[in-house]
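To keep things clear, I will list the structure first and then write my remarks on it.
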Amino acid sequence: MAAGVEVIGHPLVQHKLTLLRRKTTSTVDFRRLLGELSALMAYEVTRDLPLHEVAIETPVGPMTGHLIDGKKVVFVAILRAGIGILDGMLSVVPGARVGHVGLYRDAQTLRAVEYYFRMPRDMASRDAIVVDPMLATGNSAVAALDRLKETRPRSIRYVCLVGCPEGVANLRKHHPDVPVFAAAIDSGLNDHGYIVPGLGDAGDRYFGTK
Ligand code: URA
């Protein structure tokens, strides 16, 4: 696998991803599985977040414990499908802040055009975790990271469920400093820009719009 890309091979992740991919999986089950997968992915992607020491009292005595500062974590959802990842991640980091990036592709220029961008204040003291279930061409991911970097977050990580070599190469070329976490890297893209075998349109499957 390319440098800077971590495929989460944990059996629970692989099991749930397989259930999620199946074309017979209902919208209800797709939502539940995406939530469960997102919580598991959050566990992996937050592995190296800084801890600070804190003095506490247990019922038996004093000790020094360790806490992350959950409020310093910002989950950045790339609209629309990234929304499907938020609840699961927030279930394990409930204090996290949430940002949104909305982009569409201009039919003439094929460039990503921003229609929504909202981040918490003081990004310089926050660790951003950008989420989107599918890393296909990588163009939205690159544009979202370009824009996010203008806010100068303390660190940035990128999380998808399913990527492909084209998307990974594009993202790594433009943002080699951003580590990528995925549950799977599939074989490629078809003529319609869908990841093969992928799981179809993640937004449509999550929102039940098809
Ligand atoms: N977006 C999706 O939802 N699925 C793909 O396969 C590619 C992009």
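So you can find residues: chains in the structure tokens are A, B, ... in the order shown, residues in each start at 1, and ligands are numbered from 1 in order.
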Exercise. Contacts of Leu34 (chain A) at 10 Å or less, counting only C-alpha atoms, minus same-chain residues fewer than 5 places along, as a list of chain:residue names?
Worked result: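 So the residues in contact are A:Lys16, A:Leu17, A:Leu19, A:Leu20, A:Asp29, A:Ala39, A:Leu40, A:Gly84, A:Ile85, A:Leu86, A:Asp87, A:Gly88, A:Pro133, A:Leu161, A:Ala202, A:Tyr206.
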Keeping only N, CA, C and O atoms, write the selected residues to a file as a compact mmCIF listing (two decimals), in the first residue's frame.
# COMPACT_ATOMS: atom_id res chain seq x y z
N LYS A 16 -18.08 -5.94 8.83
CA LYS A 16 -19.18 -4.98 8.65
C LYS A 16 -19.13 -4.33 7.27
O LYS A 16 -20.16 -4.03 6.68
N LEU A 17 -17.92 -4.13 6.75
CA LEU A 17 -17.81 -3.56 5.41
C LEU A 17 -18.42 -4.50 4.37
O LEU A 17 -19.09 -4.05 3.42
N LEU A 19 -20.86 -6.63 4.84
CA LEU A 19 -22.32 -6.54 4.95
C LEU A 19 -22.82 -5.25 4.31
O LEU A 19 -23.85 -5.22 3.63
N LEU A 20 -22.07 -4.17 4.51
CA LEU A 20 -22.45 -2.86 3.96
C LEU A 20 -22.44 -2.87 2.43
O LEU A 20 -23.31 -2.29 1.78
N ASP A 29 -30.32 -1.03 7.41
CA ASP A 29 -29.10 -1.74 7.79
C ASP A 29 -27.85 -0.99 7.33
O ASP A 29 -26.82 -1.00 8.01
N ALA A 39 -17.61 4.26 14.01
CA ALA A 39 -17.11 4.24 15.38
C ALA A 39 -15.80 3.45 15.44
O ALA A 39 -14.83 3.86 16.11
N LEU A 40 -15.75 2.34 14.74
CA LEU A 40 -14.52 1.53 14.73
C LEU A 40 -13.38 2.29 14.03
O LEU A 40 -12.22 2.24 14.47
N GLY A 84 -23.01 10.68 6.83
CA GLY A 84 -23.28 9.33 7.32
C GLY A 84 -22.25 8.81 8.29
O GLY A 84 -22.49 7.83 9.01
N ILE A 85 -21.09 9.44 8.32
CA ILE A 85 -20.01 8.98 9.19
C ILE A 85 -20.02 9.70 10.55
O ILE A 85 -19.45 9.23 11.53
N LEU A 86 -20.72 10.83 10.60
CA LEU A 86 -20.61 11.68 11.80
C LEU A 86 -21.14 11.02 13.06
O LEU A 86 -20.46 11.03 14.10
N ASP A 87 -22.34 10.45 13.02
CA ASP A 87 -22.94 9.93 14.25
C ASP A 87 -22.06 8.86 14.89
O ASP A 87 -21.86 8.85 16.11
N GLY A 88 -21.55 7.96 14.08
CA GLY A 88 -20.70 6.89 14.61
C GLY A 88 -19.44 7.44 15.25
O GLY A 88 -19.01 7.00 16.32
N PRO A 133 -17.24 8.66 2.83
CA PRO A 133 -17.17 7.19 2.71
C PRO A 133 -16.35 6.70 1.51
O PRO A 133 -15.71 5.68 1.60
N LEU A 161 -14.15 4.93 3.78
CA LEU A 161 -14.36 3.48 3.94
C LEU A 161 -13.70 2.75 2.78
O LEU A 161 -12.93 1.83 2.98
N ALA A 202 -22.81 5.90 -2.05
CA ALA A 202 -22.93 5.84 -0.58
C ALA A 202 -24.01 6.81 -0.09
O ALA A 202 -24.77 6.47 0.83
N TYR A 206 -27.30 5.68 1.91
CA TYR A 206 -27.48 6.13 3.30
C TYR A 206 -28.79 6.92 3.47
O TYR A 206 -29.53 6.76 4.42
Per-residue nearest contacts chain A to ligand 1, cut-off 9 Å, using only C-alpha atoms and all ligand atoms, as a Markdown table:
| residue | atom | partner | partner_atom_place_in_ligand_line | distance |
| --- | --- | --- | --- | --- |
| A:Ala81 | CA | ligand 1 | 3 (O) | 7.1 |
| A:Asp132 | CA | ligand 1 | 1 (N) | 8.9 |
| A:Pro133 | CA | ligand 1 | 3 (O) | 7.2 |
| A:Met134 | CA | ligand 1 | 1 (N) | 5.3 |
| A:Leu135 | CA | ligand 1 | 8 (C) | 6.7 |
| A:Ala136 | CA | ligand 1 | 7 (C) | 4.9 |
| A:Thr137 | CA | ligand 1 | 8 (C) | 7.7 |
| A:Val162 | CA | ligand 1 | 6 (O) | 8.2 |
| A:Gly163 | CA | ligand 1 | 7 (C) | 8.6 |
| A:Leu189 | CA | ligand 1 | 6 (O) | 7.5 |
| A:Asn190 | CA | ligand 1 | 6 (O) | 8.6 |
| A:His192 | CA | ligand 1 | 7 (C) | 8.5 |
| A:Gly193 | CA | ligand 1 | 7 (C) | 5.8 |
| A:Tyr194 | CA | ligand 1 | 6 (O) | 3.4 |
| A:Ile195 | CA | ligand 1 | 6 (O) | 3.8 |
| A:Val196 | CA | ligand 1 | 6 (O) | 6.8 |
| A:Pro197 | CA | ligand 1 | 6 (O) | 7.9 |
| A:Gly198 | CA | ligand 1 | 6 (O) | 5.4 |
| A:Leu199 | CA | ligand 1 | 6 (O) | 6.2 |
| A:Gly200 | CA | ligand 1 | 4 (N) | 4.9 |
| A:Asp201 | CA | ligand 1 | 3 (O) | 3.3 |
| A:Ala202 | CA | ligand 1 | 3 (O) | 3.8 |
| A:Gly203 | CA | ligand 1 | 3 (O) | 5.6 |
| A:Asp204 | CA | ligand 1 | 3 (O) | 7.3 |
| A:Arg205 | CA | ligand 1 | 3 (O) | 8.3 |
Exercise. So which residues touch Ala2 (chain A) within 10 Å, counting only C-alpha atoms, skipping near sequence neighbours fewer than 5 positions away, as a ChimeraX atom specification?
Worked result: /A:165,168-169,172,180
Per residue of region 127-182 of chain A within 6 Å of region 63-78 of chain A, what are the shortest atom pair and its distance in Å to one decimal, counting only C-alpha atoms, with rows by chain and residue number, as a Markdown table?
| residue | atom | partner | partner_atom | distance |
| --- | --- | --- | --- | --- |
| A:Asp127 | CA | A:Val73 | CA | 4.9 |
| A:Ala128 | CA | A:Val74 | CA | 4.7 |
| A:Ile129 | CA | A:Phe75 | CA | 4.9 |
| A:Val130 | CA | A:Val76 | CA | 4.5 |
| A:Val131 | CA | A:Ala77 | CA | 5.0 |
| A:Asp132 | CA | A:Ile78 | CA | 5.6 |
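Shortest atom-to-atom contact with Cys160 (chain A) among A:Glu114, A:Asp146, A:Asp122, A:Asp186: A:Asp186, counting only C-alpha atoms.
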For this session: Find the residue from A:Val28, A:Met41, A:Val142, A:Val93 that sits nearest to Phe207 (chain A); use only C-alpha atoms when measuring.
Result: A:Val28
Problem set entry | Spatial neighbours of Val178 (chain A), max dist 7 Å, only C-alpha atoms, sep filter under 2 positions, as a PyMOL selection string | chain A and resi 156-158+175-176+180
Exercise. Taking the backbone alone, and naming residues the way the document does, which bits of region 32-208 of chain A are strand (DSSP E) by DSSP, as an MDAnalysis selection string?
Worked result: chainID A and resid 52:57 62:67 73:78 97:105 112:118 127:131 134:135 155:159 162:163 180:182 184:185 188:189 195:196
Exercise. Region 1-208 of chain A: which residues are alpha helix (DSSP H) by DSSP, as a PyMOL selection string?
Worked result: chain A and resi 11-21+27-45+83-92+139-149+165-174+202-207
For this session: Tell me, as JSON, numbers by chain, which residues lie within 9 Å of Arg118 (chain A), counting only C-alpha atoms; anything in the same chain fewer than 4 positions away does not count.
Result: {"A": [98, 99, 100, 101]}
